[in-house]
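Note: the block below is start.csv and it holds CSV, C-alpha atoms.
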```csv
chain,number,residue,atom,x,y,z
A,199,MET,CA,-26.9,-25.3,2.2
A,200,THR,CA,-29.7,-23.3,0.7
A,201,ASN,CA,-31.4,-22.9,4.0
A,202,HIS,CA,-28.5,-20.9,5.4
A,203,ASP,CA,-28.1,-18.6,2.4
A,204,ASN,CA,-29.4,-15.5,4.0
A,205,LEU,CA,-27.6,-15.9,7.4
A,206,THR,CA,-25.0,-13.3,7.8
A,207,ARG,CA,-22.9,-12.0,10.7
A,208,ASN,CA,-20.8,-8.8,10.6
A,209,GLY,CA,-21.9,-8.6,6.9
A,210,LEU,CA,-20.3,-12.0,6.1
A,211,ASP,CA,-22.4,-14.9,4.6
A,212,LEU,CA,-22.0,-17.8,7.1
A,213,ALA,CA,-22.9,-20.5,4.6
A,214,GLN,CA,-20.4,-19.2,2.1
A,215,MET,CA,-17.7,-19.1,4.8
A,216,GLN,CA,-18.4,-22.7,5.7
A,217,GLN,CA,-18.4,-23.7,2.1
A,218,THR,CA,-15.1,-22.0,1.5
A,219,ILE,CA,-13.5,-23.7,4.5
A,220,GLY,CA,-14.9,-27.1,3.5
A,221,ALA,CA,-13.7,-26.8,-0.1
A,222,ILE,CA,-10.2,-25.9,1.0
A,223,GLN,CA,-10.1,-28.8,3.5
A,224,GLN,CA,-11.0,-31.1,0.5
A,225,ASP,CA,-8.5,-29.4,-1.8
A,226,PRO,CA,-5.9,-27.0,-0.3
A,227,GLY,CA,-5.0,-25.8,-3.9
A,228,ILE,CA,-8.1,-23.7,-3.8
A,229,ALA,CA,-6.4,-21.5,-1.2
A,230,LEU,CA,-3.6,-20.4,-3.6
A,231,PHE,CA,-3.9,-16.9,-4.9
A,232,GLU,CA,-1.8,-14.6,-7.1
A,233,PHE,CA,-2.6,-10.9,-6.8
A,234,ARG,CA,-1.3,-8.4,-9.4
A,235,ALA,CA,-0.9,-4.7,-10.1
A,236,ARG,CA,0.4,-2.7,-13.1
A,237,ASN,CA,1.9,0.7,-12.5
A,238,GLN,CA,2.8,3.5,-14.9
A,239,TRP,CA,5.1,6.3,-14.0
A,240,ILE,CA,3.7,9.8,-14.9
A,241,ASN,CA,6.2,12.4,-13.8
A,242,GLY,CA,8.3,13.1,-10.7
A,243,GLY,CA,6.7,11.4,-7.7
A,244,GLU,CA,3.4,10.7,-9.5
A,245,ASN,CA,2.5,7.3,-10.9
A,246,ARG,CA,-0.7,5.3,-11.3
A,247,SER,CA,-1.7,1.7,-10.7
A,248,THR,CA,-4.4,-0.4,-12.3
A,249,ILE,CA,-5.6,-3.4,-10.4
A,250,LYS,CA,-8.2,-5.8,-11.9
A,251,ASP,CA,-7.4,-9.5,-12.5
A,252,PHE,CA,-6.1,-12.1,-10.1
A,253,TYR,CA,-5.8,-15.8,-9.8
A,254,GLY,CA,-7.5,-17.7,-7.0
A,255,ALA,CA,-9.7,-20.7,-6.2
A,256,LYS,CA,-8.1,-22.5,-9.2
A,257,ALA,CA,-9.3,-19.9,-11.8
A,258,GLU,CA,-8.7,-16.5,-13.2
A,259,ASP,CA,-11.1,-14.1,-11.5
A,260,ASN,CA,-13.6,-12.4,-13.9
A,261,SER,CA,-15.8,-10.7,-11.3
A,262,ARG,CA,-14.6,-7.1,-12.0
A,263,ASP,CA,-16.0,-5.2,-15.0
A,264,LYS,CA,-13.4,-2.5,-14.8
A,265,ALA,CA,-10.0,-1.9,-13.1
A,266,PHE,CA,-9.5,0.0,-9.9
A,267,GLU,CA,-7.1,2.9,-10.4
A,268,PHE,CA,-5.0,4.6,-7.7
A,269,THR,CA,-2.6,7.5,-8.0
A,270,ASN,CA,0.6,7.8,-5.9
A,271,GLY,CA,1.9,11.3,-5.3
A,272,GLU,CA,4.1,13.2,-2.9
A,273,PRO,CA,3.5,16.3,-0.8
A,274,PRO,CA,5.5,19.4,-1.5
A,275,VAL,CA,7.9,18.8,1.3
A,276,LEU,CA,8.8,15.5,-0.5
A,277,LEU,CA,9.1,17.3,-3.9
A,278,GLY,CA,5.5,16.6,-5.2
A,279,ASN,CA,2.2,18.4,-5.5
A,280,ASN,CA,-0.1,16.0,-3.5
A,281,GLU,CA,-1.1,14.2,-6.7
A,282,GLY,CA,-2.3,11.4,-4.5
A,283,ALA,CA,-1.4,9.9,-1.1
A,284,ASN,CA,2.2,8.7,-1.1
A,285,PRO,CA,3.3,5.0,-1.2
A,286,VAL,CA,4.1,4.7,2.5
A,287,GLU,CA,0.6,6.1,3.3
A,288,PHE,CA,-1.0,3.6,1.0
A,289,LEU,CA,0.9,0.9,2.9
A,290,LEU,CA,-0.9,2.1,6.1
A,291,HIS,CA,-4.2,2.0,4.3
A,292,ALA,CA,-3.5,-1.6,3.2
A,293,LEU,CA,-2.4,-2.6,6.7
A,294,ALA,CA,-5.5,-0.9,8.4
A,295,GLY,CA,-7.8,-2.7,6.0
A,296,CYS,CA,-6.2,-6.1,6.4
A,297,VAL,CA,-6.1,-6.1,10.2
A,298,THR,CA,-9.8,-4.9,10.2
A,299,THR,CA,-11.0,-7.5,7.8
A,300,THR,CA,-9.1,-10.3,9.5
A,301,THR,CA,-10.6,-9.2,12.9
A,302,VAL,CA,-14.1,-9.2,11.4
A,303,LEU,CA,-13.5,-12.6,9.7
A,304,HIS,CA,-12.3,-14.3,12.9
A,305,ALA,CA,-14.9,-12.6,15.1
A,306,THR,CA,-17.6,-14.0,12.7
A,307,ALA,CA,-16.0,-17.5,13.0
A,308,ARG,CA,-16.2,-17.2,16.8
A,309,GLY,CA,-19.8,-16.0,16.9
A,310,ILE,CA,-18.8,-12.5,18.0
A,311,LYS,CA,-20.9,-9.6,16.6
A,312,ILE,CA,-18.9,-6.4,16.1
A,313,HIS,CA,-20.8,-3.1,16.5
A,314,LYS,CA,-18.0,-0.7,15.7
A,315,LEU,CA,-14.4,-1.0,14.6
A,316,ALA,CA,-12.0,1.9,13.8
A,317,THR,CA,-8.3,2.1,13.7
A,318,GLU,CA,-5.6,4.9,13.8
A,319,LEU,CA,-2.2,4.1,12.4
A,320,LYS,CA,1.1,5.9,12.8
A,321,GLY,CA,4.4,4.9,11.3
A,322,LYS,CA,7.8,6.5,11.7
A,323,ILE,CA,10.3,6.9,8.8
A,324,ASP,CA,13.7,8.6,8.6
A,325,VAL,CA,14.0,9.7,5.0
A,326,GLN,CA,17.8,9.7,5.2
A,327,GLY,CA,17.3,6.0,4.3
A,328,LEU,CA,15.4,6.8,1.1
A,329,LEU,CA,18.0,9.5,0.2
A,330,ALA,CA,20.9,7.1,0.9
A,331,MET,CA,22.4,9.7,3.2
A,332,ASP,CA,23.2,7.4,6.2
A,333,ASP,CA,23.6,3.6,5.9
A,334,ARG,CA,22.8,3.2,9.6
A,335,VAL,CA,19.3,4.5,9.2
A,336,PRO,CA,16.6,1.8,8.4
A,337,VAL,CA,15.2,2.5,4.9
A,338,GLY,CA,11.6,1.4,5.6
A,339,TYR,CA,9.2,2.1,8.5
A,340,GLU,CA,11.0,1.8,11.9
A,341,SER,CA,7.7,0.6,13.4
A,342,ILE,CA,4.0,0.9,13.0
A,343,GLN,CA,1.5,1.4,15.7
A,344,ILE,CA,-2.2,0.6,15.4
A,345,ARG,CA,-4.7,1.8,17.9
A,346,MET,CA,-8.0,-0.1,17.6
A,347,HIS,CA,-11.4,1.2,18.8
A,348,ILE,CA,-13.7,-1.8,18.9
A,349,GLU,CA,-17.2,-2.5,20.3
A,350,ALA,CA,-18.4,-6.1,20.3
A,351,ASP,CA,-20.8,-8.4,22.1
A,352,CYS,CA,-18.1,-10.2,24.1
A,353,SER,CA,-15.8,-9.8,27.1
A,354,ASP,CA,-12.6,-7.7,27.2
A,355,GLU,CA,-10.6,-10.9,27.4
A,356,GLU,CA,-12.3,-12.4,24.3
A,357,LEU,CA,-11.7,-9.1,22.5
A,358,ASP,CA,-8.0,-9.0,23.4
A,359,ASP,CA,-7.6,-12.6,22.3
A,360,LEU,CA,-9.5,-11.9,19.0
A,361,ILE,CA,-7.2,-8.9,18.2
A,362,SER,CA,-4.1,-10.8,18.9
A,363,PHE,CA,-5.2,-13.6,16.7
A,364,ALA,CA,-6.1,-11.2,13.9
A,365,ARG,CA,-2.7,-9.6,14.1
A,366,ASP,CA,-1.1,-13.0,13.8
A,367,HIS,CA,-3.3,-14.0,10.8
A,368,SER,CA,-3.5,-10.7,8.8
A,369,PRO,CA,-1.7,-11.2,5.5
A,370,VAL,CA,-0.6,-7.5,5.2
A,371,CYS,CA,0.5,-7.4,8.8
A,372,ASN,CA,2.6,-10.5,8.3
A,373,THR,CA,4.0,-9.2,5.1
A,374,VAL,CA,5.2,-6.2,7.1
A,375,CYS,CA,6.3,-7.8,10.4
A,376,ARG,CA,8.1,-10.7,8.7
A,377,PRO,CA,10.6,-10.6,5.9
A,378,VAL,CA,9.1,-11.2,2.5
A,379,PRO,CA,11.4,-11.5,-0.5
A,380,VAL,CA,10.9,-8.9,-3.2
A,381,SER,CA,12.6,-9.3,-6.6
A,382,VAL,CA,13.0,-6.6,-9.2
A,383,GLU,CA,13.7,-7.8,-12.7
A,384,ARG,CA,14.4,-5.4,-15.6
A,385,VAL,CA,12.5,-6.4,-18.8
A,386,ARG,CA,14.8,-6.0,-21.7
A,387,ARG,CA,12.2,-5.1,-24.4
A,388,VAL,CA,10.0,-2.3,-23.4
A,389,VAL,CA,6.3,-2.9,-24.0
A,390,ALA,CA,4.4,0.1,-25.3
A,391,ALA,CA,2.6,1.8,-22.4
B,257,MET,CA,19.2,29.5,-5.5
B,258,THR,CA,16.7,31.4,-7.6
B,259,ASN,CA,18.7,30.9,-10.8
B,260,HIS,CA,18.0,27.2,-10.5
B,261,ASP,CA,14.3,27.4,-9.7
B,262,ASN,CA,13.1,26.2,-13.0
B,263,LEU,CA,15.6,23.4,-13.6
B,264,THR,CA,13.9,20.0,-13.4
B,265,ARG,CA,14.8,16.5,-14.4
B,266,ASN,CA,12.3,13.7,-14.5
B,267,GLY,CA,9.7,16.1,-13.1
B,268,LEU,CA,11.8,16.8,-10.0
B,269,ASP,CA,13.0,20.3,-9.1
B,270,LEU,CA,16.8,20.0,-8.9
B,271,ALA,CA,17.3,23.1,-6.7
B,272,GLN,CA,14.7,21.9,-4.2
B,273,MET,CA,16.4,18.4,-4.1
B,274,GLN,CA,19.7,20.0,-3.4
B,275,GLN,CA,18.2,22.3,-0.7
B,276,THR,CA,16.5,19.3,1.0
B,277,ILE,CA,19.7,17.3,1.1
B,278,GLY,CA,21.7,20.3,2.3
B,279,ALA,CA,19.1,21.0,5.1
B,280,ILE,CA,19.2,17.4,6.3
B,281,GLN,CA,23.0,17.4,6.3
B,282,GLN,CA,22.8,20.4,8.6
B,283,ASP,CA,20.1,19.0,10.8
B,284,PRO,CA,19.2,15.3,10.4
B,285,GLY,CA,16.0,15.8,12.5
B,286,ILE,CA,14.4,17.3,9.4
B,287,ALA,CA,14.4,13.8,7.9
B,288,LEU,CA,12.1,12.3,10.6
B,289,PHE,CA,8.5,11.7,9.4
B,290,GLU,CA,5.4,10.3,10.9
B,291,PHE,CA,2.7,9.1,8.5
B,292,ARG,CA,-0.8,8.4,9.6
B,293,ALA,CA,-4.1,6.8,8.4
B,294,ARG,CA,-7.5,6.5,10.0
B,295,ASN,CA,-9.8,3.6,9.0
B,296,GLN,CA,-13.4,2.9,9.6
B,297,TRP,CA,-15.0,-0.5,9.3
B,298,ILE,CA,-18.2,-0.4,7.2
B,299,ASN,CA,-19.4,-4.0,6.9
B,300,GLY,CA,-18.0,-7.5,6.1
B,301,GLY,CA,-14.7,-7.0,4.1
B,302,GLU,CA,-15.4,-3.3,3.4
B,303,ASN,CA,-13.7,-0.5,5.2
B,304,ARG,CA,-12.5,3.0,4.4
B,305,SER,CA,-9.3,5.0,5.2
B,306,THR,CA,-8.8,8.7,5.3
B,307,ILE,CA,-5.3,10.1,5.0
B,308,LYS,CA,-4.4,13.7,5.3
B,309,ASP,CA,-2.1,14.9,8.0
B,310,PHE,CA,1.5,13.9,8.7
B,311,TYR,CA,4.5,15.2,10.5
B,312,GLY,CA,7.8,15.9,8.7
B,313,ALA,CA,10.6,18.4,8.3
B,314,LYS,CA,10.0,19.4,12.0
B,315,ALA,CA,6.4,20.5,11.4
B,316,GLU,CA,2.8,19.3,11.0
B,317,ASP,CA,2.1,19.3,7.3
B,318,ASN,CA,-0.8,21.6,6.2
B,319,SER,CA,-0.4,21.3,2.4
B,320,ARG,CA,-3.6,19.2,1.9
B,321,ASP,CA,-7.0,20.9,1.8
B,322,LYS,CA,-8.9,17.7,2.0
B,323,ALA,CA,-8.2,14.1,3.0
B,324,PHE,CA,-7.6,11.3,0.5
B,325,GLU,CA,-10.1,8.5,0.9
B,326,PHE,CA,-9.6,4.8,-0.1
B,327,THR,CA,-12.0,1.9,0.2
B,328,ASN,CA,-10.9,-1.7,0.8
B,329,GLY,CA,-13.2,-4.4,-0.4
B,330,GLU,CA,-13.0,-8.1,-1.3
B,331,PRO,CA,-14.0,-10.0,-4.5
B,332,PRO,CA,-16.9,-12.5,-4.3
B,333,VAL,CA,-14.5,-15.4,-4.0
B,334,LEU,CA,-13.2,-13.8,-0.8
B,335,LEU,CA,-16.7,-13.1,0.5
B,336,GLY,CA,-17.1,-9.5,-0.7
B,337,ASN,CA,-18.7,-7.5,-3.6
B,338,ASN,CA,-15.6,-5.8,-5.0
B,339,GLU,CA,-16.4,-2.7,-2.9
B,340,GLY,CA,-12.7,-1.7,-3.6
B,341,ALA,CA,-9.4,-3.4,-4.3
B,342,ASN,CA,-8.4,-5.6,-1.4
B,343,PRO,CA,-5.7,-4.8,1.2
B,344,VAL,CA,-3.1,-7.1,-0.3
B,345,GLU,CA,-3.7,-5.5,-3.7
B,346,PHE,CA,-3.3,-2.0,-2.2
B,347,LEU,CA,0.0,-3.3,-0.8
B,348,LEU,CA,1.2,-4.0,-4.3
B,349,HIS,CA,0.1,-0.5,-5.4
B,350,ALA,CA,2.2,1.0,-2.5
B,351,LEU,CA,5.2,-1.2,-3.4
B,352,ALA,CA,5.0,-0.4,-7.2
B,353,GLY,CA,4.7,3.4,-6.5
B,354,CYS,CA,7.6,3.4,-4.0
B,355,VAL,CA,10.0,1.4,-6.1
B,356,THR,CA,9.1,3.7,-9.1
B,357,THR,CA,9.5,7.0,-7.2
B,358,THR,CA,12.8,5.8,-5.6
B,359,THR,CA,14.1,4.8,-9.0
B,360,VAL,CA,13.1,8.3,-10.4
B,361,LEU,CA,14.7,10.1,-7.5
B,362,HIS,CA,18.0,8.4,-7.7
B,363,ALA,CA,18.1,8.6,-11.5
B,364,THR,CA,17.6,12.3,-11.1
B,365,ALA,CA,20.4,12.5,-8.6
B,366,ARG,CA,22.7,10.6,-11.0
B,367,GLY,CA,21.8,12.8,-14.0
B,368,ILE,CA,19.9,10.0,-15.8
B,369,LYS,CA,16.8,11.1,-17.7
B,370,ILE,CA,14.0,8.5,-17.7
B,371,HIS,CA,11.8,8.3,-20.8
B,372,LYS,CA,9.4,5.5,-19.6
B,373,LEU,CA,8.9,3.5,-16.5
B,374,ALA,CA,6.2,0.9,-15.9
B,375,THR,CA,6.1,-2.1,-13.5
B,376,GLU,CA,4.0,-5.3,-13.3
B,377,LEU,CA,3.8,-6.9,-9.8
B,378,LYS,CA,2.7,-10.4,-8.8
B,379,GLY,CA,2.5,-11.8,-5.3
B,380,LYS,CA,1.5,-15.2,-4.1
B,381,ILE,CA,-0.6,-15.9,-1.0
B,382,ASP,CA,-2.0,-19.1,0.4
B,383,VAL,CA,-5.2,-18.0,2.2
B,384,GLN,CA,-5.0,-21.0,4.5
B,385,GLY,CA,-2.7,-18.6,6.6
B,386,LEU,CA,-5.4,-16.0,6.9
B,387,LEU,CA,-8.0,-18.6,7.7
B,388,ALA,CA,-5.8,-20.2,10.3
B,389,MET,CA,-6.2,-23.6,8.7
B,390,ASP,CA,-2.6,-24.6,8.6
B,391,ASP,CA,0.1,-23.2,10.8
B,392,ARG,CA,2.9,-24.3,8.4
B,393,VAL,CA,1.6,-21.9,5.7
B,394,PRO,CA,3.0,-18.3,5.7
B,395,VAL,CA,0.3,-15.8,6.6
B,396,GLY,CA,1.6,-13.0,4.3
B,397,TYR,CA,2.8,-12.9,0.8
B,398,GLU,CA,5.3,-15.8,0.1
B,399,SER,CA,7.2,-13.5,-2.3
B,400,ILE,CA,6.6,-10.6,-4.6
B,401,GLN,CA,8.0,-10.2,-8.1
B,402,ILE,CA,8.4,-6.9,-9.9
B,403,ARG,CA,9.0,-6.7,-13.6
B,404,MET,CA,10.2,-3.2,-14.6
B,405,HIS,CA,10.0,-1.8,-18.1
B,406,ILE,CA,12.3,1.2,-18.2
B,407,GLU,CA,13.8,3.4,-20.9
B,408,ALA,CA,16.5,5.9,-20.0
B,409,ASP,CA,19.4,7.8,-21.5
B,410,CYS,CA,22.1,5.5,-19.9
B,411,SER,CA,23.7,2.2,-20.5
B,412,ASP,CA,22.2,-1.2,-19.5
B,413,GLU,CA,24.8,-1.5,-16.7
B,414,GLU,CA,23.9,1.9,-15.3
B,415,LEU,CA,20.2,1.0,-15.4
B,416,ASP,CA,20.8,-2.3,-13.6
B,417,ASP,CA,22.8,-0.5,-10.9
B,418,LEU,CA,20.1,2.2,-10.6
B,419,ILE,CA,17.3,-0.4,-10.2
B,420,SER,CA,19.3,-2.4,-7.6
B,421,PHE,CA,20.1,0.8,-5.7
B,422,ALA,CA,16.4,1.8,-5.8
B,423,ARG,CA,15.3,-1.6,-4.5
B,424,ASP,CA,17.7,-1.2,-1.6
B,425,HIS,CA,16.5,2.4,-0.8
B,426,SER,CA,12.7,2.1,-1.3
B,427,PRO,CA,10.9,2.5,2.0
B,428,VAL,CA,7.9,0.3,1.1
B,429,CYS,CA,10.2,-2.4,-0.4
B,430,ASN,CA,12.3,-2.4,2.7
B,431,THR,CA,9.2,-2.5,4.9
B,432,VAL,CA,8.2,-5.6,3.1
B,433,CYS,CA,11.5,-7.4,2.7
B,434,ARG,CA,12.8,-6.7,6.2
B,435,PRO,CA,10.8,-7.3,9.4
B,436,VAL,CA,9.1,-4.2,10.7
B,437,PRO,CA,7.4,-4.4,14.1
B,438,VAL,CA,3.6,-3.7,14.1
B,439,SER,CA,1.8,-3.3,17.4
B,440,VAL,CA,-2.0,-3.4,17.8
B,441,GLU,CA,-3.3,-1.7,21.0
B,442,ARG,CA,-7.0,-1.8,21.9
B,443,VAL,CA,-8.3,1.6,23.0
B,444,ARG,CA,-10.5,1.0,26.0
B,445,ARG,CA,-12.9,4.0,25.4
B,446,VAL,CA,-14.4,4.0,22.0
B,447,VAL,CA,-14.3,7.4,20.3
B,448,ALA,CA,-17.4,8.2,18.3
B,449,ALA,CA,-16.7,7.6,14.6
```

Spit out the file's structure as structure tokens when you get a sec.
Amino acid sequence: MTNHDNLTRNGLDLAQMQQTIGAIQQDPGIALFEFRARNQWINGGENRSTIKDFYGAKAEDNSRDKAFEFTNGEPPVLLGNNEGANPVEFLLHALAGCVTTTTVLHATARGIKIHKLATELKGKIDVQGLLAMDDRVPVGYESIQIRMHIEADCSDEELDDLISFARDHSPVCNTVCRPVPVSVERVRRVVAA
Amino acid sequence: MTNHDNLTRNGLDLAQMQQTIGAIQQDPGIALFEFRARNQWINGGENRSTIKDFYGAKAEDNSRDKAFEFTNGEPPVLLGNNEGANPVEFLLHALAGCVTTTTVLHATARGIKIHKLATELKGKIDVQGLLAMDDRVPVGYESIQIRMHIEADCSDEELDDLISFARDHSPVCNTVCRPVPVSVERVRRVVAA
């Protein structure tokens, strides 16, 4: 495979993609991942996550020298001081990134070169759900709209098919549009922070 | 209400909380929010979001002088260079923050003082879904587990009730555990990035 090492499309290494697919075909256990985050409450609507380790391809990952850190906050109208974006905004960031990366991945697999890709997301929430003021109001986003600006070297029909395929194969999009069980377990002994 | 201005619990202003609830009771339209993100693909699995404006409490928010920026990336085993945390990890950050803030909010409403609150999240994904290798594999997270370390000035029973209530009223948690429609629309004219 060394003769393909430097071939990339849309910034993805074609030989590495082929190798990954081939390895999973041989052993589907390689495809099982466990992602993790640790979060520490600071005060009010402010809290901070650290993200570093994960399990995947049958091993603990050790590629990151230091953890990523992200701060959730709230704007004043939601009782905060803009210490960070708020959690429902971070969800939009995750969704935008996942739909984008999934589009790029499958474009690459199809031989489509992407020149530009940008998205705008909007999601509606009635905070009466959060505040437990009205049981008839959905607690989460009512719906999320993604507008995608994309330029690629293929026909409009191929683009529409690619986007639809990416929507159906984006992990974050499918975590949102399908029901995914979330359990919250209280740990009896508090570990020192 | 000026005599309550400095009363806070868990970092939340009690008078402002009461005012907000009262205002929404008078006019539920105040509770309608629209959150937004804009994302720009960079290369491969790298893309960047900007988050600044939103609509809520019947007005466009203008409390943020500059936008928050977050970069999605992928680790080498997922064809990237750790340019940032990846989208499914950002989803865990959003979920951790939302469950935490919802717990703090309802603790405050119940008169419970929280001393410490930390969470650990784990979520399992089989990337055969993303790669479209096996239609029987779920594309999103199979499930997400949250372990919550919490110390507060209340009984274990009150804590368990609080945590269960927070899970049921967290917007991100309910966006994940219930199906939320996501639409992707291709914009025909590309706007310059």

Give me the residues near A:Pro273 as a compact mmCIF listing (two decimals) with C-alpha atoms, in the coordinates of the input, where near means some atom within 12 Å (using all atoms listed in the file) and where sequence neighbours in that chain fewer than 3 positions away do not count.
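What follows is the written file around35.txt:
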```txt
# COMPACT_ATOMS: atom_id res chain seq x y z
CA GLY A 242 8.30 13.10 -10.70
CA GLY A 243 6.70 11.40 -7.70
CA GLU A 244 3.40 10.70 -9.50
CA ASN A 270 0.60 7.80 -5.90
CA LEU A 276 8.80 15.50 -0.50
CA LEU A 277 9.10 17.30 -3.90
CA GLY A 278 5.50 16.60 -5.20
CA ASN A 279 2.20 18.40 -5.50
CA ASN A 280 -0.10 16.00 -3.50
CA GLU A 281 -1.10 14.20 -6.70
CA GLY A 282 -2.30 11.40 -4.50
CA ALA A 283 -1.40 9.90 -1.10
CA ASN A 284 2.20 8.70 -1.10
CA PRO A 285 3.30 5.00 -1.20
CA GLU A 287 0.60 6.10 3.30
CA PHE B 291 2.70 9.10 8.50
CA LYS B 308 -4.40 13.70 5.30
CA ASP B 309 -2.10 14.90 8.00
CA PHE B 310 1.50 13.90 8.70
CA TYR B 311 4.50 15.20 10.50
CA GLY B 312 7.80 15.90 8.70
CA ALA B 313 10.60 18.40 8.30
CA ASP B 317 2.10 19.30 7.30
CA ASN B 318 -0.80 21.60 6.20
CA SER B 319 -0.40 21.30 2.40
CA ARG B 320 -3.60 19.20 1.90
CA ASP B 321 -7.00 20.90 1.80
```

**OP:** Find the residues near stretch 352-368 of chain B: any atom within 8 Å, counting all atoms listed in the file, skip ones fewer than 5 places away on the same chain, and give them as a ChimeraX atom specification.
**Re:** /A:235-237,239,242-247,270,284-286,328-329 /B:265-266,268,373-377,402,408-410,418-419,421-423,425-429

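Take atom CA of B:Val443 and atom CA of A:Ile342: the distance between them is 15.9 Å.
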
Original post:
Out of A:His313, A:Arg334, A:His291, A:Lys256, which residue has the shortest atom-to-atom distance to chain B when counting all atoms listed in the file?
Top reply: A:His291

Write out as a JSON list (two decimals) with C-alpha atoms, in the coordinates of the input which residues come within 9 Å of stretch 275-282 of chain B when counting all atoms listed in the file, dropping same-chain ones fewer than 3 positions away.
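Saved as part-v4.json:
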```json
[["chain", "number", "residue", "atom", "x", "y", "z"],
["A", 275, "VAL", "CA", 7.90, 18.80, 1.30],
["A", 276, "LEU", "CA", 8.80, 15.50, -0.50],
["A", 326, "GLN", "CA", 17.80, 9.70, 5.20],
["A", 329, "LEU", "CA", 18.00, 9.50, 0.20],
["A", 331, "MET", "CA", 22.40, 9.70, 3.20],
["B", 257, "MET", "CA", 19.20, 29.50, -5.50],
["B", 270, "LEU", "CA", 16.80, 20.00, -8.90],
["B", 271, "ALA", "CA", 17.30, 23.10, -6.70],
["B", 272, "GLN", "CA", 14.70, 21.90, -4.20],
["B", 285, "GLY", "CA", 16.00, 15.80, 12.50],
["B", 286, "ILE", "CA", 14.40, 17.30, 9.40],
["B", 287, "ALA", "CA", 14.40, 13.80, 7.90],
["B", 313, "ALA", "CA", 10.60, 18.40, 8.30]]
```

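Remark: for B:Arg444, the closest of the candidate residues A:Ile249, A:Ile348, A:Asp333, A:Asp225 is A:Ile348 (distances computed over all atoms listed in the file).
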